[in-house]
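This is target-v2.txt. It holds compact mmCIF, C-alpha atoms.
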```
# COMPACT_ATOMS: atom_id res chain seq x y z
CA MET A 1 107.77 -143.97 -21.74
CA LEU A 2 110.80 -142.80 -23.72
CA ASN A 3 110.45 -139.76 -25.92
CA LYS A 4 111.48 -139.87 -29.58
CA GLY A 5 114.85 -138.26 -28.95
CA GLU A 6 115.75 -140.78 -26.27
CA GLU A 7 114.75 -143.68 -28.51
CA GLU A 8 116.91 -142.36 -31.35
CA ARG A 9 119.97 -142.20 -29.08
CA MET A 10 119.60 -145.81 -27.93
CA LYS A 11 121.71 -148.52 -29.53
CA LYS A 12 119.63 -151.03 -31.46
CA VAL A 13 120.21 -154.67 -30.52
CA GLY A 14 118.54 -157.43 -32.50
CA PHE A 15 118.31 -161.16 -31.88
CA ILE A 16 117.89 -163.85 -34.49
CA GLY A 17 116.76 -166.77 -32.38
CA VAL A 18 115.24 -166.53 -28.92
CA GLY A 19 115.38 -170.06 -27.61
CA ASN A 20 116.59 -170.66 -24.06
CA MET A 21 119.89 -168.83 -24.47
CA GLY A 22 118.62 -166.04 -26.69
CA ALA A 23 115.72 -165.33 -24.36
CA ALA A 24 118.06 -165.39 -21.36
CA ILE A 25 120.34 -162.79 -22.95
CA VAL A 26 117.36 -160.58 -23.74
CA ARG A 27 116.03 -160.87 -20.20
CA GLY A 28 119.49 -160.07 -18.86
CA ILE A 29 119.50 -156.83 -20.84
CA LEU A 30 116.00 -155.83 -19.81
CA SER A 31 116.60 -156.54 -16.11
CA SER A 32 119.82 -154.50 -15.97
CA PRO A 33 120.76 -150.82 -16.40
CA LEU A 34 121.35 -151.68 -20.07
CA ALA A 35 117.59 -151.47 -20.57
CA LYS A 36 117.93 -147.69 -20.57
CA GLU A 37 120.64 -147.78 -23.25
CA LEU A 38 119.44 -150.44 -25.67
CA SER A 39 116.39 -150.92 -27.86
CA VAL A 40 115.81 -154.65 -28.28
CA SER A 41 114.14 -156.44 -31.17
CA ALA A 42 113.97 -160.12 -31.98
CA TYR A 43 112.88 -162.70 -34.50
CA ASP A 44 112.22 -166.40 -34.07
CA GLN A 45 110.32 -168.90 -36.16
CA ASP A 46 108.58 -169.99 -32.96
CA GLU A 47 105.90 -167.35 -32.52
CA ASP A 48 105.13 -168.40 -28.94
CA LYS A 49 108.73 -167.82 -27.83
CA LEU A 50 108.74 -164.44 -29.53
CA ALA A 51 105.41 -163.47 -27.98
CA GLN A 52 106.79 -164.08 -24.48
CA LEU A 53 109.47 -161.44 -25.08
CA VAL A 54 107.10 -159.02 -26.76
CA SER A 55 105.09 -159.07 -23.53
CA ILE A 56 108.09 -157.60 -21.67
CA GLY A 57 108.89 -154.88 -24.19
CA VAL A 58 110.80 -156.48 -27.06
CA HIS A 59 109.91 -155.42 -30.61
CA ALA A 60 108.98 -158.37 -32.84
CA ALA A 61 110.68 -158.25 -36.23
CA LYS A 62 109.10 -159.80 -39.30
CA GLY A 63 112.17 -161.79 -40.23
CA ALA A 64 115.88 -162.39 -39.82
CA THR A 65 116.72 -159.98 -42.65
CA GLU A 66 114.98 -157.13 -40.82
CA ILE A 67 117.10 -157.79 -37.73
CA ALA A 68 120.31 -157.89 -39.78
CA ALA A 69 119.47 -154.72 -41.71
CA GLU A 70 118.24 -152.44 -38.95
CA ASN A 71 120.33 -153.07 -35.84
CA ASP A 72 123.68 -151.89 -34.51
CA TYR A 73 124.31 -155.25 -32.81
CA VAL A 74 123.04 -158.45 -34.42
CA PHE A 75 123.00 -161.53 -32.20
CA LEU A 76 123.17 -164.77 -34.17
CA VAL A 77 121.66 -167.19 -31.67
CA VAL A 78 121.25 -170.32 -33.76
CA LYS A 79 122.76 -173.79 -33.74
CA PRO A 80 126.05 -174.19 -35.62
CA GLN A 81 124.33 -176.51 -38.10
CA ASN A 82 121.91 -173.71 -39.02
CA MET A 83 124.43 -170.89 -39.31
CA ALA A 84 125.25 -171.32 -43.01
CA GLN A 85 121.62 -171.00 -44.07
CA LEU A 86 121.03 -168.03 -41.78
CA LEU A 87 124.03 -166.13 -43.10
CA GLU A 88 122.94 -166.85 -46.66
CA ASP A 89 119.46 -165.53 -45.86
CA ILE A 90 120.67 -162.23 -44.40
CA ARG A 91 123.69 -161.69 -46.66
CA LYS A 92 122.16 -159.19 -49.10
CA LYS A 93 120.61 -156.88 -46.50
CA ALA A 94 123.08 -157.22 -43.64
CA ASN A 95 124.18 -153.93 -42.08
CA ARG A 96 127.90 -153.67 -42.87
CA GLU A 97 128.53 -151.43 -39.84
CA ALA A 98 126.83 -153.70 -37.31
CA ILE A 99 128.55 -155.84 -34.68
CA TYR A 100 127.71 -159.51 -35.29
CA VAL A 101 127.64 -161.55 -32.08
CA SER A 102 127.68 -165.32 -32.51
CA ILE A 103 127.25 -167.93 -29.79
CA ALA A 104 127.49 -170.89 -32.20
CA ALA A 105 130.11 -173.39 -31.08
CA GLY A 106 132.98 -173.85 -33.50
CA ILE A 107 131.95 -171.10 -35.91
CA SER A 108 134.84 -168.70 -36.57
CA SER A 109 134.79 -165.01 -37.41
CA ALA A 110 136.34 -165.81 -40.81
CA TYR A 111 133.46 -168.21 -41.53
CA ILE A 112 130.92 -165.49 -40.74
CA GLN A 113 132.76 -162.87 -42.78
CA GLN A 114 133.10 -165.16 -45.78
CA ALA A 115 129.44 -166.15 -45.66
CA LEU A 116 128.28 -162.53 -45.36
CA GLY A 117 130.61 -161.42 -48.12
CA PHE A 118 132.31 -158.55 -46.30
CA ASP A 119 134.67 -157.87 -43.39
CA ALA A 120 132.01 -158.02 -40.71
CA LYS A 121 132.79 -156.89 -37.18
CA VAL A 122 132.43 -160.11 -35.22
CA VAL A 123 132.33 -161.02 -31.55
CA LEU A 124 132.35 -164.71 -30.66
CA VAL A 125 130.83 -165.83 -27.36
CA MET A 126 130.70 -169.19 -25.64
CA PRO A 127 128.11 -168.90 -22.85
CA ASN A 128 126.65 -171.76 -20.83
CA THR A 129 123.20 -172.78 -19.66
CA PRO A 130 123.53 -171.46 -16.06
CA PHE A 131 123.32 -168.06 -17.80
CA ILE A 132 119.55 -168.66 -17.74
CA LEU A 133 119.60 -168.31 -13.94
CA GLY A 134 122.00 -165.38 -13.93
CA GLU A 135 124.95 -167.63 -13.05
CA GLY A 136 126.56 -167.83 -16.45
CA ALA A 137 130.21 -168.20 -17.37
CA SER A 138 130.83 -166.69 -20.81
CA ALA A 139 134.05 -166.56 -22.84
CA LEU A 140 134.33 -163.78 -25.43
CA ALA A 141 136.67 -162.92 -28.30
CA ARG A 142 136.55 -160.16 -30.90
CA THR A 143 138.04 -159.41 -34.30
CA PRO A 144 140.35 -156.38 -34.58
CA LEU A 145 137.60 -154.52 -36.47
CA VAL A 146 135.45 -154.35 -33.32
CA SER A 147 136.12 -151.16 -31.36
CA GLU A 148 136.91 -151.14 -27.65
CA ASP A 149 133.61 -149.41 -26.90
CA ALA A 150 131.55 -151.81 -28.98
CA PHE A 151 133.23 -154.84 -27.40
CA ALA A 152 132.77 -153.35 -23.92
CA LEU A 153 129.03 -153.17 -24.51
CA VAL A 154 128.86 -156.83 -25.55
CA CYS A 155 130.85 -157.73 -22.44
CA ARG A 156 128.40 -155.79 -20.27
CA ILE A 157 125.49 -157.67 -21.82
CA PHE A 158 126.99 -161.02 -20.82
CA GLU A 159 128.11 -159.74 -17.43
CA SER A 160 124.45 -158.96 -16.74
CA ARG A 161 123.88 -162.70 -16.23
CA GLY A 162 127.15 -163.95 -14.78
CA LYS A 163 130.91 -163.79 -15.15
CA ILE A 164 132.97 -163.36 -18.31
CA ALA A 165 136.49 -164.00 -19.56
CA VAL A 166 138.09 -162.46 -22.65
CA LEU A 167 140.19 -164.73 -24.84
CA ASP A 168 141.97 -164.66 -28.16
CA GLU A 169 139.83 -166.18 -30.90
CA SER A 170 142.44 -168.92 -31.36
CA GLN A 171 141.28 -170.39 -28.01
CA MET A 172 137.52 -170.19 -28.54
CA LYS A 173 137.15 -173.80 -29.67
CA GLU A 174 139.27 -175.10 -26.80
CA ILE A 175 137.25 -173.19 -24.19
CA ILE A 176 134.01 -174.95 -25.15
CA ALA A 177 134.76 -177.94 -22.94
CA ILE A 178 135.75 -175.73 -20.01
CA ASN A 179 132.55 -173.72 -19.65
CA GLY A 180 130.17 -174.56 -22.48
CA SER A 181 129.95 -178.37 -22.25
CA SER A 182 131.17 -178.89 -18.69
CA PRO A 183 127.76 -178.37 -17.04
CA ALA A 184 126.58 -181.59 -18.73
CA PHE A 185 129.66 -183.43 -17.46
CA ILE A 186 128.99 -182.17 -13.93
CA TYR A 187 125.33 -183.22 -14.18
CA LEU A 188 126.41 -186.73 -15.19
CA PHE A 189 128.74 -186.83 -12.19
CA ALA A 190 125.83 -185.70 -9.99
CA LYS A 191 123.60 -188.40 -11.46
CA ALA A 192 126.07 -191.05 -10.32
CA PHE A 193 126.02 -189.68 -6.76
CA MET A 194 122.22 -189.68 -6.76
CA SER A 195 122.19 -193.30 -7.95
CA TYR A 196 124.52 -194.21 -5.09
CA ALA A 197 122.26 -192.39 -2.61
CA ALA A 198 119.16 -194.17 -3.91
CA ALA A 199 120.88 -197.55 -3.65
CA HIS A 200 121.42 -196.86 0.04
CA GLY A 201 117.90 -195.64 0.74
CA ILE A 202 118.72 -191.90 0.86
CA ALA A 203 116.02 -189.86 -0.83
CA GLN A 204 117.04 -187.53 -3.63
CA GLU A 205 115.23 -184.73 -1.78
CA THR A 206 117.86 -185.13 0.91
CA ALA A 207 120.92 -186.01 -1.18
CA LEU A 208 120.60 -183.51 -4.01
CA PRO A 209 120.56 -180.29 -1.91
CA LEU A 210 123.55 -181.56 0.08
CA PHE A 211 125.47 -182.41 -3.07
CA CYS A 212 124.62 -179.10 -4.77
CA GLN A 213 125.69 -177.10 -1.71
CA THR A 214 128.90 -179.11 -1.69
CA LEU A 215 129.50 -178.14 -5.33
CA THR A 216 128.89 -174.48 -4.46
CA GLY A 217 131.19 -174.66 -1.45
CA ALA A 218 133.91 -176.53 -3.34
CA ALA A 219 133.80 -173.92 -6.11
CA LYS A 220 134.21 -171.14 -3.54
CA MET A 221 137.16 -172.98 -2.03
CA MET A 222 138.82 -173.05 -5.45
CA THR A 223 138.24 -169.36 -6.12
CA ASP A 224 138.58 -167.87 -2.64
CA SER A 225 140.73 -170.07 -0.39
CA GLY A 226 144.09 -169.20 -1.94
CA LYS A 227 144.95 -172.88 -2.21
CA ASN A 228 145.59 -174.75 -5.43
CA ILE A 229 143.53 -177.78 -6.44
CA ASP A 230 146.04 -180.37 -5.21
CA GLU A 231 146.15 -178.66 -1.81
CA LEU A 232 142.36 -178.67 -1.62
CA ILE A 233 142.23 -182.39 -2.39
CA GLU A 234 144.77 -183.00 0.37
CA MET A 235 142.68 -181.00 2.86
CA VAL A 236 139.81 -183.49 2.46
CA SER A 237 142.00 -186.58 2.28
CA SER A 238 143.00 -187.77 5.75
CA LYS A 239 145.54 -190.59 5.61
CA GLY A 240 143.82 -193.92 5.79
CA GLY A 241 140.40 -192.26 5.67
CA THR A 242 137.26 -192.60 3.56
CA THR A 243 138.12 -189.98 0.96
CA ILE A 244 141.46 -191.63 0.15
CA ALA A 245 139.62 -194.92 -0.33
CA GLY A 246 137.14 -193.27 -2.72
CA LEU A 247 139.80 -191.37 -4.64
CA SER A 248 141.62 -194.62 -5.31
CA ALA A 249 138.75 -195.70 -7.59
CA PHE A 250 139.08 -192.51 -9.64
CA TYR A 251 142.84 -192.84 -9.87
CA GLU A 252 142.64 -196.51 -10.87
CA ARG A 253 140.24 -195.66 -13.71
CA ASP A 254 142.15 -192.50 -14.68
CA LEU A 255 139.39 -189.93 -14.15
CA GLU A 256 141.73 -187.15 -15.28
CA GLY A 257 142.50 -188.99 -18.50
CA ILE A 258 138.82 -189.67 -19.17
CA THR A 259 138.04 -185.99 -18.59
CA ARG A 260 140.79 -184.87 -20.96
CA GLU A 261 139.46 -187.28 -23.58
CA ALA A 262 135.96 -185.82 -23.19
CA CYS A 263 137.39 -182.32 -23.67
CA GLU A 264 139.36 -183.38 -26.74
CA ARG A 265 136.23 -184.88 -28.25
CA CYS A 266 134.43 -181.55 -27.70
CA LEU A 267 137.27 -179.80 -29.50
CA HIS A 268 137.22 -182.28 -32.37
CA ARG A 269 133.49 -181.77 -32.85
CA ALA A 270 133.90 -177.98 -32.75
CA GLU A 271 136.51 -178.25 -35.51
CA GLU A 272 134.11 -180.38 -37.56
CA LEU A 273 131.35 -177.78 -37.15
CA ALA A 274 133.73 -175.07 -38.32
CA GLN A 275 134.12 -176.70 -41.75
```
Take the structure I supplied and represent it as structure tokens, if you would.
Amino acid sequence: MLNKGEEERMKKVGFIGVGNMGAAIVRGILSSPLAKELSVSAYDQDEDKLAQLVSIGVHAAKGATEIAAENDYVFLVVKPQNMAQLLEDIRKKANREAIYVSIAAGISSAYIQQALGFDAKVVLVMPNTPFILGEGASALARTPLVSEDAFALVCRIFESRGKIAVLDESQMKEIIAINGSSPAFIYLFAKAFMSYAAAHGIAQETALPLFCQTLTGAAKMMTDSGKNIDELIEMVSSKGGTTIAGLSAFYERDLEGITREACERCLHRAEELAQ
């Protein structure tokens, strides 16, 4: 148990929204050394989700305004479509000295500041769903009002469940396709391989672990081999072999072009959400 003095020295971190991602961030904090530095509270309209976190030591707030008024770091973990209403709800009682951390795709710091009615200190984060398993890839950007120390703490929170990259805010919409949406694209690619396996009588219980290990290994080759992507493709592609034959289908249908189009559509939707 912490004594009163220790509790008073801890930074207060509050979460508005503890769905899959919000709960994962909270659990990352509580399972890391940050648990000794941060006091965590949360609010969610879903009482069952909130109760699960209370059982591991999170304080349950009575509402979003309480979180916004009483914490040093306020995590806005809601869907972009719900952000306007949330900011309106907390506007009058929002702590003007707090750091506001948003994971809502497409929502800019200027949007948050305008909605709150003051020059809020904002950190924008684009995490992804593998964060839930501690394998996240999160992109972060901050406004100039956020101090180095405050931003470093937010970075540590997201590093507790994966890897991070720091970007300029001007690139935060573009990065969505790279790490935020791309897991779904990869899952769709995997689904096609599983369909092929099934068509040839190979059980998913056999095919899926092989394919997933191949993804893991291929990722390590890209990060650790010292070779660029074209060189790695060439390593697998013996002249006149099976891989060359398969790649020809992707080239004929312009897989790279299709992928770029998917990314551009992500960007377009992010810009729509920012309005």
Exercise for review: Measure the distance from atom CA of Arg156 of chain A to atom CA of Ser108 of chain A in Å and round it to one decimal.
Suggested key: 21.8 Å
Counting all atoms listed in the file, what are the residues of segment 141-186 of chain A within 12 Å of segment 253-264 of chain A, and for each of them which pair of atoms is the nearest and at what distance in Å, to one decimal? Sort the table by chain and rising number, as CSV.
```
residue,atom,partner,partner_atom,distance
A:Lys173,CA,A:Glu264,CA,10.3
A:Glu174,CA,A:Cys263,CA,8.1
A:Ile175,CA,A:Cys263,CA,9.1
A:Ile176,CA,A:Cys263,CA,8.2
A:Ala177,CA,A:Cys263,CA,5.2
A:Ile178,CA,A:Cys263,CA,7.7
A:Asn179,CA,A:Cys263,CA,10.7
A:Gly180,CA,A:Cys263,CA,10.7
A:Ser181,CA,A:Cys263,CA,8.5
A:Ser182,CA,A:Cys263,CA,8.7
A:Ala184,CA,A:Ala262,CA,11.2
A:Phe185,CA,A:Thr259,CA,8.8
A:Ile186,CA,A:Thr259,CA,10.9
```
Please produce an output containing C-alpha atoms for each residue in the selection, written as an mmCIF file, in the frame of the given file.
```cif
data_model
loop_
_atom_site.group_PDB
_atom_site.id
_atom_site.type_symbol
_atom_site.label_atom_id
_atom_site.label_comp_id
_atom_site.auth_asym_id
_atom_site.auth_seq_id
_atom_site.Cartn_x
_atom_site.Cartn_y
_atom_site.Cartn_z
ATOM 1 C CA LYS A 173 137.150 -173.800 -29.670
ATOM 2 C CA GLU A 174 139.270 -175.100 -26.800
ATOM 3 C CA ILE A 175 137.250 -173.190 -24.190
ATOM 4 C CA ILE A 176 134.010 -174.950 -25.150
ATOM 5 C CA ALA A 177 134.760 -177.940 -22.940
ATOM 6 C CA ILE A 178 135.750 -175.730 -20.010
ATOM 7 C CA ASN A 179 132.550 -173.720 -19.650
ATOM 8 C CA GLY A 180 130.170 -174.560 -22.480
ATOM 9 C CA SER A 181 129.950 -178.370 -22.250
ATOM 10 C CA SER A 182 131.170 -178.890 -18.690
ATOM 11 C CA ALA A 184 126.580 -181.590 -18.730
ATOM 12 C CA PHE A 185 129.660 -183.430 -17.460
ATOM 13 C CA ILE A 186 128.990 -182.170 -13.930
#
```
Counting all atoms listed in the file, which residues of segment 149-175 of chain A fall within 8 Å of segment 111-128 of chain A, and what is the closest atom pair for each with its distance in Å at one decimal, ordered by chain and rising number, as a tab-separated table?
```
residue	atom	partner	partner_atom	distance
A:Phe151	CA	A:Val123	CA	7.5
A:Glu169	CA	A:Leu124	CA	7.6
A:Met172	CA	A:Met126	CA	7.5
A:Ile175	CA	A:Met126	CA	7.8
```
Review point. What is the atom CA of Asp89 of chain A-atom CA of Met10 of chain A distance in Å, reported with one decimal?
Key: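 Going from atom CA of Asp89 of chain A over to atom CA of Met10 of chain A, I get 26.7 Å.
Here atom CA of Leu232 of chain A is placed at a distance of 13.4 Å from atom CA of Leu215 of chain A.
The residue set within 8 Å of segment 268-270 of chain A, counting all atoms listed in the file and dropping same-chain residues fewer than 5 places from it, reads Ala105, Gly106, Ile107 and Lys173 of chain A.
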**Study point:** Using all atoms listed in the file: which of A:Leu153, A:Ile16, A:Ala110, A:Met194 has the shortest distance to Ile29 of chain A
**Key:**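 The closest residue to Ile29 of chain A is A:Leu153.
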Could I see segment 25-52 of chain A restored to N, CA and C atoms, set down as a CSV table (one decimal), keeping the file's coordinate frame?
```
chain,number,residue,atom,x,y,z
A,25,ILE,N,119.5,-164.0,-22.7
A,25,ILE,CA,120.3,-162.8,-23.0
A,25,ILE,C,119.4,-161.6,-23.0
A,26,VAL,N,118.3,-161.7,-23.7
A,26,VAL,CA,117.4,-160.6,-23.7
A,26,VAL,C,116.9,-160.2,-22.3
A,27,ARG,N,116.5,-161.2,-21.5
A,27,ARG,CA,116.0,-160.9,-20.2
A,27,ARG,C,117.1,-160.3,-19.3
A,28,GLY,N,118.4,-160.7,-19.6
A,28,GLY,CA,119.5,-160.1,-18.9
A,28,GLY,C,119.6,-158.6,-19.2
A,29,ILE,N,119.5,-158.2,-20.4
A,29,ILE,CA,119.5,-156.8,-20.8
A,29,ILE,C,118.4,-156.0,-20.2
A,30,LEU,N,117.2,-156.6,-20.3
A,30,LEU,CA,116.0,-155.8,-19.8
A,30,LEU,C,115.9,-155.7,-18.3
A,31,SER,N,116.6,-156.6,-17.6
A,31,SER,CA,116.6,-156.5,-16.1
A,31,SER,C,117.8,-155.8,-15.5
A,32,SER,N,118.6,-155.2,-16.4
A,32,SER,CA,119.8,-154.5,-16.0
A,32,SER,C,119.8,-153.0,-16.4
A,33,PRO,N,120.7,-152.2,-16.0
A,33,PRO,CA,120.8,-150.8,-16.4
A,33,PRO,C,120.9,-150.7,-17.9
A,34,LEU,N,121.3,-151.7,-18.6
A,34,LEU,CA,121.4,-151.7,-20.1
A,34,LEU,C,120.0,-151.4,-20.7
A,35,ALA,N,118.9,-151.7,-20.0
A,35,ALA,CA,117.6,-151.5,-20.6
A,35,ALA,C,117.4,-150.0,-20.9
A,36,LYS,N,118.1,-149.1,-20.3
A,36,LYS,CA,117.9,-147.7,-20.6
A,36,LYS,C,118.8,-147.2,-21.7
A,37,GLU,N,119.7,-148.1,-22.2
A,37,GLU,CA,120.6,-147.8,-23.2
A,37,GLU,C,120.3,-148.5,-24.6
A,38,LEU,N,119.6,-149.6,-24.5
A,38,LEU,CA,119.4,-150.4,-25.7
A,38,LEU,C,118.0,-150.6,-26.0
A,39,SER,N,117.7,-150.6,-27.3
A,39,SER,CA,116.4,-150.9,-27.9
A,39,SER,C,116.5,-152.3,-28.4
A,40,VAL,N,115.7,-153.2,-28.0
A,40,VAL,CA,115.8,-154.6,-28.3
A,40,VAL,C,114.7,-155.1,-29.2
A,41,SER,N,115.1,-155.8,-30.3
A,41,SER,CA,114.1,-156.4,-31.2
A,41,SER,C,114.6,-157.9,-31.4
A,42,ALA,N,113.7,-158.7,-31.8
A,42,ALA,CA,114.0,-160.1,-32.0
A,42,ALA,C,113.1,-160.8,-33.1
A,43,TYR,N,113.6,-161.9,-33.6
A,43,TYR,CA,112.9,-162.7,-34.5
A,43,TYR,C,113.1,-164.2,-34.2
A,44,ASP,N,112.1,-164.9,-34.2
A,44,ASP,CA,112.2,-166.4,-34.1
A,44,ASP,C,111.1,-167.1,-34.9
A,45,GLN,N,111.4,-168.2,-35.4
A,45,GLN,CA,110.3,-168.9,-36.2
A,45,GLN,C,109.2,-169.4,-35.2
A,46,ASP,N,109.6,-169.6,-34.0
A,46,ASP,CA,108.6,-170.0,-33.0
A,46,ASP,C,107.9,-168.8,-32.4
A,47,GLU,N,106.7,-168.6,-32.9
A,47,GLU,CA,105.9,-167.4,-32.5
A,47,GLU,C,105.6,-167.3,-31.0
A,48,ASP,N,105.4,-168.4,-30.4
A,48,ASP,CA,105.1,-168.4,-28.9
A,48,ASP,C,106.3,-167.9,-28.1
A,49,LYS,N,107.5,-168.3,-28.5
A,49,LYS,CA,108.7,-167.8,-27.8
A,49,LYS,C,108.9,-166.3,-28.0
A,50,LEU,N,108.6,-165.9,-29.2
A,50,LEU,CA,108.7,-164.4,-29.5
A,50,LEU,C,107.7,-163.6,-28.8
A,51,ALA,N,106.5,-164.2,-28.7
A,51,ALA,CA,105.4,-163.5,-28.0
A,51,ALA,C,105.7,-163.3,-26.5
A,52,GLN,N,106.4,-164.2,-25.9
A,52,GLN,CA,106.8,-164.1,-24.5
A,52,GLN,C,107.7,-162.9,-24.3
```
